[in-house]
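File shown: my_file-v3.cif. Contents: mmCIF, C-alpha atoms.
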```cif
data_data
loop_
_atom_site.label_atom_id
_atom_site.label_comp_id
_atom_site.auth_asym_id
_atom_site.auth_seq_id
_atom_site.Cartn_x
_atom_site.Cartn_y
_atom_site.Cartn_z
CA MET A 246 38.19 -24.89 -76.10
CA SER A 247 35.36 -22.96 -74.43
CA THR A 248 31.97 -23.09 -76.04
CA ALA A 249 29.42 -20.29 -76.03
CA THR A 250 27.55 -21.94 -73.17
CA ASP A 251 30.71 -21.91 -71.01
CA LEU A 252 31.10 -18.15 -71.37
CA ARG A 253 28.72 -16.94 -68.68
CA GLN A 254 28.43 -13.19 -68.35
CA GLY A 255 27.80 -11.11 -65.25
CA ILE A 256 29.75 -8.76 -63.01
CA ARG A 257 29.61 -11.13 -60.03
CA GLU A 258 30.79 -14.07 -62.15
CA HIS A 259 33.89 -12.10 -63.24
CA LEU A 260 34.44 -9.92 -60.19
CA GLY A 261 38.22 -10.33 -60.15
CA GLN A 262 38.85 -9.28 -63.76
CA PHE A 263 36.07 -6.69 -63.64
CA SER A 264 37.71 -5.14 -60.56
CA LEU A 265 41.10 -5.03 -62.28
CA HIS A 266 39.55 -3.14 -65.19
CA VAL A 267 37.96 -0.74 -62.69
CA LEU A 268 41.42 -0.16 -61.19
CA LEU A 269 42.89 0.46 -64.63
CA VAL A 270 40.22 2.96 -65.65
CA PHE A 271 40.84 4.74 -62.33
CA ALA A 272 44.51 4.92 -63.35
CA THR A 273 43.46 6.27 -66.76
CA GLY A 274 41.57 9.03 -64.96
CA LEU A 275 44.53 9.76 -62.66
CA THR A 276 46.72 10.15 -65.75
CA ILE A 277 44.62 12.85 -67.37
CA GLY A 278 43.63 14.39 -64.03
CA SER A 279 47.30 14.97 -63.21
CA GLU A 280 47.27 17.67 -65.90
CA ARG A 281 43.96 19.31 -65.08
CA ALA A 282 44.86 21.82 -62.36
CA VAL A 283 48.60 22.17 -62.92
CA VAL A 284 49.43 22.30 -66.63
CA PRO A 285 47.38 25.40 -67.68
CA VAL A 286 48.87 27.37 -64.76
CA LEU A 287 52.33 25.98 -65.54
CA GLY A 288 52.04 27.31 -69.08
CA GLU A 289 51.05 30.76 -67.86
CA GLU A 290 53.46 31.13 -64.91
CA LEU A 291 56.57 29.11 -65.87
CA LEU A 292 56.58 29.03 -69.67
CA GLY A 293 55.29 32.58 -70.20
CA VAL A 294 52.28 31.73 -72.37
CA THR A 295 49.85 34.64 -72.34
CA SER A 296 47.43 33.62 -75.11
CA PHE A 297 44.37 31.64 -74.01
CA LEU A 298 44.21 30.16 -77.51
CA VAL A 299 47.81 28.91 -77.28
CA ILE A 300 47.21 27.46 -73.82
CA GLY A 301 44.24 25.60 -75.26
CA SER A 302 46.43 24.06 -77.95
CA PHE A 303 47.50 21.20 -75.69
CA VAL A 304 43.84 20.16 -75.37
CA VAL A 305 43.34 20.52 -79.13
CA SER A 306 46.19 18.09 -79.85
CA PHE A 307 44.86 15.73 -77.17
CA GLY A 308 41.26 15.87 -78.36
CA PHE A 309 41.74 15.24 -82.06
CA VAL A 310 44.28 12.47 -81.54
CA LYS A 311 42.08 10.78 -78.95
CA ALA A 312 39.05 11.06 -81.23
CA LEU A 313 40.82 9.44 -84.17
CA LEU A 314 42.35 6.68 -82.05
CA ASN A 315 38.97 5.97 -80.43
CA LEU A 316 37.68 5.13 -83.90
CA TYR A 317 40.45 2.66 -84.57
CA ALA A 318 40.70 1.34 -80.99
CA GLY A 319 37.24 -0.18 -81.33
CA LYS A 320 38.15 -1.71 -84.69
CA TRP A 321 41.46 -3.07 -83.37
CA GLY A 322 39.71 -4.40 -80.29
CA GLU A 323 37.47 -6.50 -82.54
CA GLU A 324 40.38 -7.73 -84.70
CA TYR A 325 43.19 -8.32 -82.18
CA GLY A 326 41.44 -8.49 -78.82
CA ARG A 327 41.13 -6.04 -75.95
CA LYS A 328 44.36 -6.88 -74.07
CA PRO A 329 46.96 -6.06 -76.77
CA VAL A 330 45.33 -2.68 -77.43
CA LEU A 331 45.23 -1.97 -73.68
CA ILE A 332 48.95 -2.73 -73.27
CA LEU A 333 49.80 -0.51 -76.24
CA GLY A 334 47.84 2.33 -74.66
CA TRP A 335 49.82 2.20 -71.42
CA ALA A 336 53.13 1.81 -73.24
CA THR A 337 52.37 5.04 -75.11
CA ALA A 338 52.02 6.98 -71.83
CA LEU A 339 55.42 6.00 -70.43
CA PRO A 340 57.30 9.03 -71.91
CA LEU A 341 54.63 11.56 -70.87
CA PRO A 342 55.88 12.40 -67.33
CA VAL A 343 59.40 12.94 -68.68
CA ILE A 344 58.10 15.38 -71.30
CA LEU A 345 56.05 17.33 -68.75
CA ILE A 346 59.01 17.56 -66.36
CA PHE A 347 61.63 18.70 -68.88
CA ALA A 348 59.61 20.51 -71.60
CA PRO A 349 61.46 23.78 -72.34
CA THR A 350 58.57 25.34 -74.28
CA TRP A 351 54.81 25.03 -74.52
CA GLY A 352 55.16 23.35 -77.91
CA TRP A 353 56.73 20.34 -76.22
CA ILE A 354 53.72 19.99 -73.91
CA THR A 355 51.32 20.31 -76.85
CA ALA A 356 53.24 17.58 -78.70
CA GLY A 357 53.44 15.45 -75.55
CA ASN A 358 49.68 15.57 -75.21
CA ILE A 359 49.45 13.61 -78.44
CA LEU A 360 50.76 10.69 -76.37
CA LEU A 361 48.12 11.41 -73.73
CA GLY A 362 45.42 11.33 -76.40
CA ILE A 363 46.63 7.95 -77.66
CA ASN A 364 46.83 6.62 -74.10
CA GLN A 365 43.34 7.76 -73.16
CA ALA A 366 41.77 6.46 -76.38
CA LEU A 367 43.29 3.00 -76.24
CA THR A 368 43.13 2.34 -72.49
CA TRP A 369 39.68 3.78 -71.80
CA SER A 370 38.14 2.24 -74.92
CA MET A 371 39.41 -1.21 -74.01
CA ALA A 372 38.53 -0.85 -70.33
CA ILE A 373 34.92 -0.03 -71.13
CA ASN A 374 34.59 -2.71 -73.81
CA ALA A 375 36.03 -5.34 -71.47
CA LYS A 376 33.51 -4.40 -68.77
CA VAL A 377 30.62 -4.60 -71.23
CA ASP A 378 31.95 -7.95 -72.49
CA LEU A 379 32.02 -9.38 -68.97
CA ALA A 380 28.77 -7.84 -67.69
CA GLY A 381 26.39 -8.87 -70.48
CA PRO A 382 23.30 -7.01 -71.75
CA ASP A 383 21.36 -7.09 -68.48
CA GLN A 384 24.03 -5.11 -66.62
CA ARG A 385 25.36 -3.00 -69.49
CA GLY A 386 24.25 0.33 -68.04
CA LEU A 387 25.69 -0.54 -64.63
CA ALA A 388 28.98 -1.64 -66.19
CA VAL A 389 29.33 1.61 -68.15
CA GLY A 390 28.31 3.61 -65.08
CA ILE A 391 30.97 1.93 -62.94
CA ASP A 392 33.56 2.47 -65.66
CA GLU A 393 32.87 6.17 -66.05
CA ALA A 394 32.42 6.70 -62.30
CA PHE A 395 35.81 5.32 -61.38
CA GLY A 396 37.49 6.87 -64.43
CA TYR A 397 36.31 10.35 -63.54
CA THR A 398 36.90 9.82 -59.85
CA GLY A 399 40.47 9.21 -60.99
CA VAL A 400 40.37 12.51 -62.87
CA ALA A 401 39.18 14.27 -59.69
CA ALA A 402 41.79 12.57 -57.51
CA GLY A 403 44.56 13.34 -60.00
CA ALA A 404 43.61 17.03 -60.15
CA TRP A 405 43.39 17.27 -56.36
CA ILE A 406 46.60 15.36 -55.61
CA THR A 407 48.74 17.22 -58.12
CA GLY A 408 47.20 20.54 -57.02
CA VAL A 409 48.20 19.83 -53.42
CA ILE A 410 51.68 18.69 -54.45
CA ALA A 411 52.16 21.80 -56.59
CA ALA A 412 50.99 24.09 -53.76
CA GLN A 413 53.42 22.51 -51.28
CA THR A 414 56.40 22.16 -53.63
CA SER A 415 56.31 23.65 -57.15
CA LEU A 416 54.45 23.31 -60.45
CA ARG A 417 57.09 20.83 -61.63
CA PRO A 418 58.70 18.33 -61.39
CA GLU A 419 57.09 16.96 -58.20
CA PRO A 420 53.46 16.59 -59.42
CA PHE A 421 54.64 14.50 -62.37
CA TYR A 422 56.56 12.01 -60.22
CA PHE A 423 53.12 10.91 -59.07
CA LEU A 424 52.01 10.61 -62.71
CA ALA A 425 55.04 8.44 -63.54
CA ALA A 426 54.22 5.99 -60.73
CA VAL A 427 50.62 5.63 -61.95
CA VAL A 428 51.61 4.95 -65.56
CA VAL A 429 54.26 2.33 -64.73
CA LEU A 430 51.96 0.44 -62.33
CA ALA A 431 49.07 0.38 -64.84
CA PHE A 432 51.40 -0.84 -67.60
CA LEU A 433 52.56 -3.78 -65.45
CA ILE A 434 49.00 -4.73 -64.42
CA SER A 435 47.91 -4.74 -68.07
CA ILE A 436 50.72 -7.12 -69.02
CA PHE A 437 50.66 -9.58 -66.13
CA LEU A 438 47.14 -9.63 -64.64
CA ILE A 439 44.59 -8.77 -67.36
CA LYS A 440 42.93 -11.55 -69.38
CA GLU A 441 41.29 -11.33 -72.82
CA THR A 442 37.50 -10.72 -72.93
CA VAL A 443 36.62 -10.39 -76.64
CA GLN A 444 35.33 -13.98 -76.69
CA TYR A 445 32.37 -12.98 -74.48
CA ALA A 446 31.17 -10.45 -77.06
CA GLN A 447 31.64 -12.97 -79.85
CA ALA A 448 29.56 -15.59 -78.01
CA GLU A 449 26.78 -13.10 -77.23
CA GLY A 450 25.62 -12.41 -80.79
CA ASP A 451 23.76 -14.28 -83.50
CA ASP A 452 25.97 -14.20 -86.58
CA ASP A 453 22.97 -15.01 -88.81
CA HIS A 454 21.10 -11.84 -87.83
CA HIS A 455 20.77 -9.35 -90.70
CA ASP A 456 22.54 -6.68 -88.63
CA ALA A 457 25.56 -8.85 -87.77
CA ASN A 458 29.10 -8.42 -89.11
CA LEU A 459 28.65 -5.00 -90.70
CA PRO A 460 31.75 -3.81 -92.57
CA PHE A 461 33.66 -1.05 -90.79
CA ASN A 462 32.63 1.64 -93.28
CA GLU A 463 28.96 0.69 -92.76
CA VAL A 464 29.40 0.89 -88.99
CA LEU A 465 30.90 4.37 -89.43
CA LYS A 466 27.93 5.51 -91.53
CA ARG A 467 25.34 3.93 -89.23
CA ALA A 468 26.75 5.39 -86.03
CA THR A 469 27.32 8.83 -87.55
CA TYR A 470 24.29 9.74 -89.67
CA GLY A 471 22.48 6.58 -90.81
CA ASP A 472 20.42 6.32 -87.62
CA LYS A 473 18.77 9.40 -86.06
CA THR A 474 19.09 8.04 -82.54
CA LEU A 475 22.81 7.36 -82.93
CA PHE A 476 23.28 10.77 -84.56
CA ALA A 477 21.54 12.41 -81.59
CA ALA A 478 23.85 10.54 -79.22
CA ALA A 479 26.97 11.43 -81.22
CA GLN A 480 26.22 15.16 -81.39
CA ALA A 481 25.32 15.24 -77.69
CA GLY A 482 28.55 13.47 -76.82
CA HIS A 483 30.49 15.96 -78.95
CA ILE A 484 28.93 19.00 -77.26
CA GLU A 485 29.00 17.69 -73.68
CA ASN A 486 32.78 17.38 -73.91
CA PHE A 487 32.85 21.18 -74.16
CA VAL A 488 31.98 21.11 -70.45
CA ASP A 489 34.91 18.84 -69.68
CA THR A 490 37.20 21.06 -71.78
CA LEU A 491 35.93 24.16 -69.98
CA PHE A 492 36.97 22.66 -66.65
CA TRP A 493 40.34 21.77 -68.11
CA ILE A 494 41.21 25.15 -69.69
CA ALA A 495 38.89 27.99 -68.73
CA VAL A 496 37.91 27.18 -65.16
CA PRO A 497 41.47 27.06 -63.71
CA LEU A 498 42.46 30.28 -65.50
CA TYR A 499 39.18 32.05 -64.67
CA LEU A 500 39.35 31.12 -60.98
CA THR A 501 43.02 32.11 -60.60
CA SER A 502 42.18 35.45 -62.26
CA GLN A 503 39.53 35.89 -59.55
CA GLY A 504 42.19 35.41 -56.85
CA LEU A 505 41.72 31.72 -56.00
CA GLY A 506 44.89 29.82 -55.08
CA ILE A 507 46.10 26.77 -57.01
CA ALA A 508 45.15 24.30 -54.24
CA ALA A 509 41.58 25.69 -54.12
CA VAL A 510 41.37 25.59 -57.91
CA GLY A 511 42.33 21.92 -57.73
CA VAL A 512 39.47 21.34 -55.31
CA VAL A 513 36.86 23.09 -57.49
CA VAL A 514 37.98 21.22 -60.61
CA GLY A 515 38.16 18.02 -58.55
CA VAL A 516 34.65 18.48 -57.12
CA HIS A 517 33.25 18.65 -60.64
CA SER A 518 34.97 15.43 -61.65
CA ALA A 519 34.21 13.75 -58.33
CA MET A 520 30.48 14.02 -59.05
CA TYR A 521 31.07 11.61 -61.90
CA PHE A 522 31.33 8.87 -59.26
CA SER A 523 27.54 8.97 -59.08
CA GLN A 524 27.57 7.36 -62.53
CA ILE A 525 27.42 4.05 -60.69
CA ALA A 526 23.91 5.06 -59.65
CA THR A 527 22.92 6.83 -62.88
CA GLY A 528 24.09 3.93 -65.05
CA GLY A 529 22.13 1.47 -62.92
CA LEU A 530 19.14 3.83 -63.00
CA ALA A 531 19.16 3.72 -66.81
CA ASP A 532 18.96 -0.09 -66.66
CA ARG A 533 15.62 0.40 -64.89
CA ILE A 534 14.04 3.49 -66.49
CA GLY A 535 15.83 3.74 -69.84
CA ARG A 536 18.70 5.77 -71.27
CA ARG A 537 16.78 8.74 -72.65
CA PRO A 538 15.43 10.43 -69.46
CA PRO A 539 18.77 10.77 -67.64
CA VAL A 540 20.51 11.94 -70.83
CA ILE A 541 18.01 14.75 -71.38
CA ALA A 542 18.05 15.81 -67.72
CA GLY A 543 21.84 15.73 -67.65
CA MET A 544 22.30 17.94 -70.72
CA PHE A 545 20.22 20.75 -69.22
CA LEU A 546 21.57 20.38 -65.66
CA ALA A 547 25.22 20.45 -66.78
CA GLY A 548 24.54 23.53 -68.91
CA ALA A 549 22.84 25.28 -66.01
CA GLY A 550 25.75 24.57 -63.66
CA VAL A 551 28.27 26.00 -66.13
CA LEU A 552 26.13 29.11 -66.74
CA GLY A 553 25.73 29.74 -63.02
CA MET A 554 29.48 29.91 -62.35
CA VAL A 555 29.79 33.36 -63.97
CA PHE A 556 26.95 34.80 -61.86
CA VAL A 557 28.44 33.99 -58.46
CA GLU A 558 31.61 34.79 -56.52
CA GLY A 559 33.39 32.85 -53.83
CA TYR A 560 35.09 29.51 -53.38
CA LEU A 561 32.06 27.72 -51.88
CA LEU A 562 29.57 28.85 -54.56
CA TRP A 563 31.98 27.96 -57.37
CA ALA A 564 32.45 24.52 -55.83
CA VAL A 565 28.67 24.00 -55.52
CA LEU A 566 28.02 24.93 -59.15
CA ALA A 567 30.95 22.80 -60.27
CA ALA A 568 29.21 19.94 -58.46
CA VAL A 569 25.89 20.74 -60.17
CA SER A 570 27.46 20.60 -63.61
CA GLY A 571 29.28 17.42 -62.58
CA LEU A 572 26.01 15.79 -61.54
CA GLY A 573 24.53 16.67 -64.93
CA MET A 574 27.51 15.07 -66.63
CA ALA A 575 27.07 11.98 -64.45
CA LEU A 576 23.47 11.64 -65.64
CA LEU A 577 24.28 11.91 -69.34
CA TYR A 578 27.82 10.57 -69.73
CA PRO A 579 27.45 6.82 -69.16
CA ASN A 580 23.99 6.65 -70.68
CA LEU A 581 25.02 8.30 -73.94
CA MET A 582 27.75 5.67 -74.14
CA THR A 583 25.23 2.91 -73.52
CA VAL A 584 23.06 4.00 -76.47
CA PRO A 585 25.44 2.69 -79.18
CA GLY A 586 26.13 -0.30 -76.94
CA ASP A 587 22.41 -1.13 -77.01
CA ALA A 588 21.93 -0.37 -80.70
CA ALA A 589 24.98 -2.21 -82.04
CA HIS A 590 25.05 -5.92 -82.80
CA PRO A 591 27.67 -7.65 -80.57
CA THR A 592 29.75 -8.48 -83.65
CA TRP A 593 30.43 -4.76 -84.21
CA ARG A 594 29.66 -3.25 -80.79
CA SER A 595 33.28 -2.30 -80.05
CA ALA A 596 33.60 -0.58 -83.44
CA GLY A 597 30.23 1.17 -83.01
CA MET A 598 31.17 2.46 -79.59
CA GLY A 599 34.48 3.56 -81.08
CA VAL A 600 32.66 5.69 -83.66
CA TYR A 601 30.59 7.30 -80.90
CA ARG A 602 33.72 7.95 -78.84
CA MET A 603 35.40 9.48 -81.90
CA TRP A 604 32.64 12.05 -82.29
CA ARG A 605 32.41 12.58 -78.53
CA ASP A 606 36.11 13.18 -77.97
CA SER A 607 36.60 15.36 -81.04
CA GLY A 608 34.56 17.70 -78.85
CA TYR A 609 37.73 18.23 -76.82
CA GLY A 610 39.52 19.64 -79.86
CA VAL A 611 36.62 21.69 -81.22
CA GLY A 612 35.69 22.84 -77.72
CA ALA A 613 39.25 23.90 -76.94
CA ILE A 614 39.39 26.01 -80.12
CA LEU A 615 36.03 27.70 -79.51
CA ILE A 616 36.68 28.20 -75.79
CA GLY A 617 40.15 29.60 -76.52
CA LEU A 618 38.77 31.98 -79.15
CA SER A 619 36.00 33.14 -76.79
CA MET A 620 38.47 33.86 -73.99
CA GLU A 621 41.02 35.47 -76.32
CA PHE A 622 38.75 37.80 -78.27
CA VAL A 623 35.78 38.37 -75.95
CA ASN A 624 36.41 37.56 -72.29
CA PRO A 625 36.71 34.47 -70.05
CA GLU A 626 33.01 34.59 -69.16
CA ALA A 627 32.08 34.23 -72.86
CA ALA A 628 33.41 30.66 -72.83
CA PHE A 629 30.95 29.78 -70.07
CA TYR A 630 28.01 31.38 -71.90
CA MET A 631 28.86 29.65 -75.18
CA THR A 632 29.22 26.22 -73.55
CA ALA A 633 25.93 26.51 -71.68
CA ILE A 634 23.96 27.63 -74.76
CA LEU A 635 25.35 24.78 -76.86
CA MET A 636 24.45 22.28 -74.14
CA PHE A 637 20.85 23.53 -74.13
CA LEU A 638 20.59 23.34 -77.94
CA SER A 639 22.14 19.86 -78.04
CA GLY A 640 19.77 18.69 -75.32
CA ALA A 641 16.86 19.84 -77.47
CA VAL A 642 18.15 17.69 -80.36
CA VAL A 643 18.27 14.69 -78.03
CA TYR A 644 14.72 15.39 -76.87
CA VAL A 645 13.39 15.52 -80.44
CA TRP A 646 15.37 12.74 -82.16
CA MET A 647 16.67 10.20 -79.67
CA GLU A 648 14.53 7.08 -79.24
CA GLU A 649 14.82 4.76 -76.26
CA THR A 650 17.38 1.97 -76.83
CA HIS A 651 16.95 -0.10 -73.65
CA PRO A 652 16.99 -3.78 -74.75
CA ASP A 653 13.80 -4.65 -72.81
CA PHE A 654 11.46 -1.71 -73.39
CA GLY A 655 13.20 0.48 -75.96
CA THR A 656 11.42 1.86 -79.01
CA HIS A 657 14.50 2.08 -81.22
CA GLU A 658 14.87 -0.32 -84.14
CA PRO A 659 17.93 -0.58 -86.43
CA PRO A 660 17.43 0.46 -90.05
CA ALA A 661 15.93 -2.27 -92.24
CA PRO A 662 18.41 -4.30 -94.29
CA ALA A 663 18.78 -3.60 -97.98
CA THR A 664 16.28 -5.51 -100.10
CA GLU A 665 17.86 -8.64 -101.58
CA PRO A 666 16.73 -10.30 -104.83
CA PRO A 667 14.77 -13.55 -104.44
CA THR A 668 16.84 -16.74 -104.41
CA GLY A 669 17.60 -17.81 -107.94
CA ALA A 670 16.67 -14.47 -109.45
CA ILE A 671 18.88 -13.23 -112.24
CA PRO A 672 20.01 -9.64 -111.73
CA GLU A 673 19.26 -7.24 -114.57
CA ASP A 674 22.07 -5.87 -116.70
#
```

Show me, as structure tokens, the structure contained in the file I just sent.
Amino acid sequence: MSTATDLRQGIREHLGQFSLHVLLVFATGLTIGSERAVVPVLGEELLGVTSFLVIGSFVVSFGFVKALLNLYAGKWGEEYGRKPVLILGWATALPLPVILIFAPTWGWITAGNILLGINQALTWSMAINAKVDLAGPDQRGLAVGIDEAFGYTGVAAGAWITGVIAAQTSLRPEPFYFLAAVVVLAFLISIFLIKETVQYAQAEGDDDHHDANLPFNEVLKRATYGDKTLFAAAQAGHIENFVDTLFWIAVPLYLTSQGLGIAAVGVVVGVHSAMYFSQIATGGLADRIGRRPPVIAGMFLAGAGVLGMVFVEGYLLWAVLAAVSGLGMALLYPNLMTVPGDAAHPTWRSAGMGVYRMWRDSGYGVGAILIGLSMEFVNPEAAFYMTAILMFLSGAVVYVWMEETHPDFGTHEPPAPATEPPTGAIPED
């Protein structure tokens, strides 16, 4: 049996398994990206959906399910290990291409996206926790940056590939044959090639520390409102997913209404997501300068890119501003995730990151509702204005409340433990 001293951490030491988890998170991105450019247009052109709010319903179902499962994925990852949860996540996605190909009404696609939400929550949660397990505290920011970079590069590639396929063939079924191949391959890799990593997190922590082994309900409180820094991260994660939702719902419909073809829409949406690849650099940067500066810069840059899209016209300018907002997301996305990773004791890190991801990804559902309402009852541009303003306000909260959590030079300290009675003291009645 391996001892704690045998369990050396580091990306180089575990390059094979780390690389497999990078491949799997790329597949996770391909899975959701395969819907980005095609499905909203499919709803409008093939299924006759005219309401922006109804079109947004498939993101609402995805967002709330993913948020809830993120919460429990972290908990299950602590209890049962990362690999079983990962396999379950890919098994859940197996029916999705069939539903998208044969769905007779929009309601079927909305229901099918529940499966996508489960898939994304379980697979992405376990992929990121496995990378953090293997990398160790000194490379945590880099590990998260690599994870998010390849995941969102997958989103970009999926949007671009399915956009091209749809332009050359039709909106369905051909784009979803590609999706089916991705899901089956990822499922097989998870079963036959992935190894368990939870033991590295268990060996990393000191079980005698006062912050170790918090009960799940205490982790939920701590990561939600019991710590101002973690609250600042959670609310920022919630709001920044409005940007991602905007590029999923509003941007394709807005650009097609401006006369842009489906292949070009796929490129603009893909350019935004492709900028997330720079998270390799921004995650590593945060290991050197701290998490707080890139998070603050990213919140305001992403908001500015979104706001600018309604003030310009033309394929090139839309693509440039999509890239600007994508760069902002690349600055903030991995480093917000690293904040609870820094602040949590290793014995409950997976659960703590799950709570953060719950609040972050519920932003898909809330964002889809607010964006749909804005487009339905005001105009498409209103969704861009609303998203940008909320990003600026959320960035201000981060600036005021978020402390630095970097393990070497951070200023953040966990809340003090509850005062315990002296040994031998008799509690009062």

Take atom CA of A:Pro329 and atom CA of A:Lys311 and report the distance between them in Å, one decimal.
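One can read the atom CA of A:Pro329 to atom CA of A:Lys311 distance as 17.7 Å.
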
Specify as a list in words each residue included when the PyMOL selection byres ((chain A and resi 298) around 9) is applied to this file.
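With the PyMOL selection byres ((chain A and resi 298) around 9) on this model, the match is Thr295, Ser296, Phe297, Val299, Ile300, Gly301, Ser302, Ala613, Ile614, Leu615, Ile616, Gly617, Leu618, Ser619, Met620 and Glu621 of chain A.
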
Starting from the shown file, work through the PyMOL selection byres ((chain A and resi 331-347) around 9) and note down what comes out as a count of residues only.
42

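Atom pair atom CA of A:Gln262 / atom CA of A:Ser518 has a distance of 25.1 Å (rounded to one decimal).
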
Once the PyMOL selection byres ((chain A and resi 392) around 12) is applied to the coordinates I shared, what remains selected? I want it as an mmCIF file with C-alpha atoms, keeping the file's coordinate frame.
```cif
data_model
loop_
_atom_site.group_PDB
_atom_site.id
_atom_site.type_symbol
_atom_site.label_atom_id
_atom_site.label_comp_id
_atom_site.auth_asym_id
_atom_site.auth_seq_id
_atom_site.Cartn_x
_atom_site.Cartn_y
_atom_site.Cartn_z
ATOM 1 C CA PHE A 263 36.070 -6.690 -63.640
ATOM 2 C CA SER A 264 37.710 -5.140 -60.560
ATOM 3 C CA LEU A 265 41.100 -5.030 -62.280
ATOM 4 C CA HIS A 266 39.550 -3.140 -65.190
ATOM 5 C CA VAL A 267 37.960 -0.740 -62.690
ATOM 6 C CA LEU A 268 41.420 -0.160 -61.190
ATOM 7 C CA LEU A 269 42.890 0.460 -64.630
ATOM 8 C CA VAL A 270 40.220 2.960 -65.650
ATOM 9 C CA PHE A 271 40.840 4.740 -62.330
ATOM 10 C CA ALA A 272 44.510 4.920 -63.350
ATOM 11 C CA THR A 273 43.460 6.270 -66.760
ATOM 12 C CA GLY A 274 41.570 9.030 -64.960
ATOM 13 C CA THR A 368 43.130 2.340 -72.490
ATOM 14 C CA TRP A 369 39.680 3.780 -71.800
ATOM 15 C CA SER A 370 38.140 2.240 -74.920
ATOM 16 C CA MET A 371 39.410 -1.210 -74.010
ATOM 17 C CA ALA A 372 38.530 -0.850 -70.330
ATOM 18 C CA ILE A 373 34.920 -0.030 -71.130
ATOM 19 C CA ASN A 374 34.590 -2.710 -73.810
ATOM 20 C CA ALA A 375 36.030 -5.340 -71.470
ATOM 21 C CA LYS A 376 33.510 -4.400 -68.770
ATOM 22 C CA VAL A 377 30.620 -4.600 -71.230
ATOM 23 C CA ALA A 380 28.770 -7.840 -67.690
ATOM 24 C CA ARG A 385 25.360 -3.000 -69.490
ATOM 25 C CA GLY A 386 24.250 0.330 -68.040
ATOM 26 C CA LEU A 387 25.690 -0.540 -64.630
ATOM 27 C CA ALA A 388 28.980 -1.640 -66.190
ATOM 28 C CA VAL A 389 29.330 1.610 -68.150
ATOM 29 C CA GLY A 390 28.310 3.610 -65.080
ATOM 30 C CA ILE A 391 30.970 1.930 -62.940
ATOM 31 C CA GLU A 393 32.870 6.170 -66.050
ATOM 32 C CA ALA A 394 32.420 6.700 -62.300
ATOM 33 C CA PHE A 395 35.810 5.320 -61.380
ATOM 34 C CA GLY A 396 37.490 6.870 -64.430
ATOM 35 C CA TYR A 397 36.310 10.350 -63.540
ATOM 36 C CA THR A 398 36.900 9.820 -59.850
ATOM 37 C CA GLY A 399 40.470 9.210 -60.990
ATOM 38 C CA TYR A 521 31.070 11.610 -61.900
ATOM 39 C CA PHE A 522 31.330 8.870 -59.260
ATOM 40 C CA SER A 523 27.540 8.970 -59.080
ATOM 41 C CA GLN A 524 27.570 7.360 -62.530
ATOM 42 C CA ILE A 525 27.420 4.050 -60.690
ATOM 43 C CA ALA A 526 23.910 5.060 -59.650
ATOM 44 C CA THR A 527 22.920 6.830 -62.880
ATOM 45 C CA GLY A 528 24.090 3.930 -65.050
ATOM 46 C CA GLY A 529 22.130 1.470 -62.920
ATOM 47 C CA ALA A 575 27.070 11.980 -64.450
ATOM 48 C CA TYR A 578 27.820 10.570 -69.730
ATOM 49 C CA PRO A 579 27.450 6.820 -69.160
ATOM 50 C CA ASN A 580 23.990 6.650 -70.680
ATOM 51 C CA MET A 582 27.750 5.670 -74.140
ATOM 52 C CA THR A 583 25.230 2.910 -73.520
#
```

In Å, rounded to a single decimal, give me how far atom CA of A:Val283 is from atom CA of A:Leu314.
25.4 Å

Return as CSV the residues of stretch 428-515 of chain A lying at most 10 Å from stretch 591-610 of chain A, together with the closest atom-to-atom pair for each and the distance in Å to one decimal, counting all atoms listed in the file, with rows in chain order and ascending residue number.
```
residue,atom,partner,partner_atom,distance
A:Val443,CA,A:Ser595,CA,9.4
A:Tyr445,CA,A:Pro591,CA,9.4
A:Ala446,CA,A:Pro591,CA,5.7
A:Gln447,CA,A:Thr592,CA,6.2
A:Ala448,CA,A:Pro591,CA,8.6
A:Glu449,CA,A:Pro591,CA,6.5
A:Gly450,CA,A:Pro591,CA,5.2
A:Asp451,CA,A:Pro591,CA,8.2
A:Asp452,CA,A:Thr592,CA,7.5
A:Asp456,CA,A:Thr592,CA,8.9
A:Ala457,CA,A:Thr592,CA,5.9
A:Asn458,CA,A:Thr592,CA,5.5
A:Leu459,CA,A:Trp593,CA,6.7
A:Pro460,CA,A:Trp593,CA,8.5
A:Phe461,CA,A:Ala596,CA,7.4
A:Glu463,CA,A:Gly597,CA,9.8
A:Val464,CA,A:Gly597,CA,6.0
A:Leu465,CA,A:Val600,CA,6.2
A:Lys466,CA,A:Val600,CA,9.2
A:Arg467,CA,A:Gly597,CA,8.4
A:Ala468,CA,A:Gly597,CA,6.2
A:Thr469,CA,A:Val600,CA,7.3
A:Leu475,CA,A:Tyr601,CA,8.0
A:Phe476,CA,A:Tyr601,CA,8.9
A:Ala478,CA,A:Tyr601,CA,7.7
A:Ala479,CA,A:Tyr601,CA,5.5
A:Gln480,CA,A:Trp604,CA,7.2
A:Ala481,CA,A:Arg605,CA,7.6
A:Gly482,CA,A:Arg605,CA,4.3
A:His483,CA,A:Arg605,CA,3.9
A:Ile484,CA,A:Gly608,CA,6.0
A:Glu485,CA,A:Gly608,CA,7.6
A:Asn486,CA,A:Gly608,CA,5.3
A:Phe487,CA,A:Gly608,CA,6.1
A:Val488,CA,A:Tyr609,CA,9.1
A:Asp489,CA,A:Tyr609,CA,7.7
A:Thr490,CA,A:Tyr609,CA,5.8
A:Leu491,CA,A:Tyr609,CA,9.2
A:Trp493,CA,A:Tyr609,CA,9.8
```

Excluding same-chain residues fewer than 4 positions from A:Ile534, what lies within 10 Å of it counting only C-alpha atoms, as a VMD selection string?
chain A and resid 529 to 530 538 to 539 649 651 654 to 655
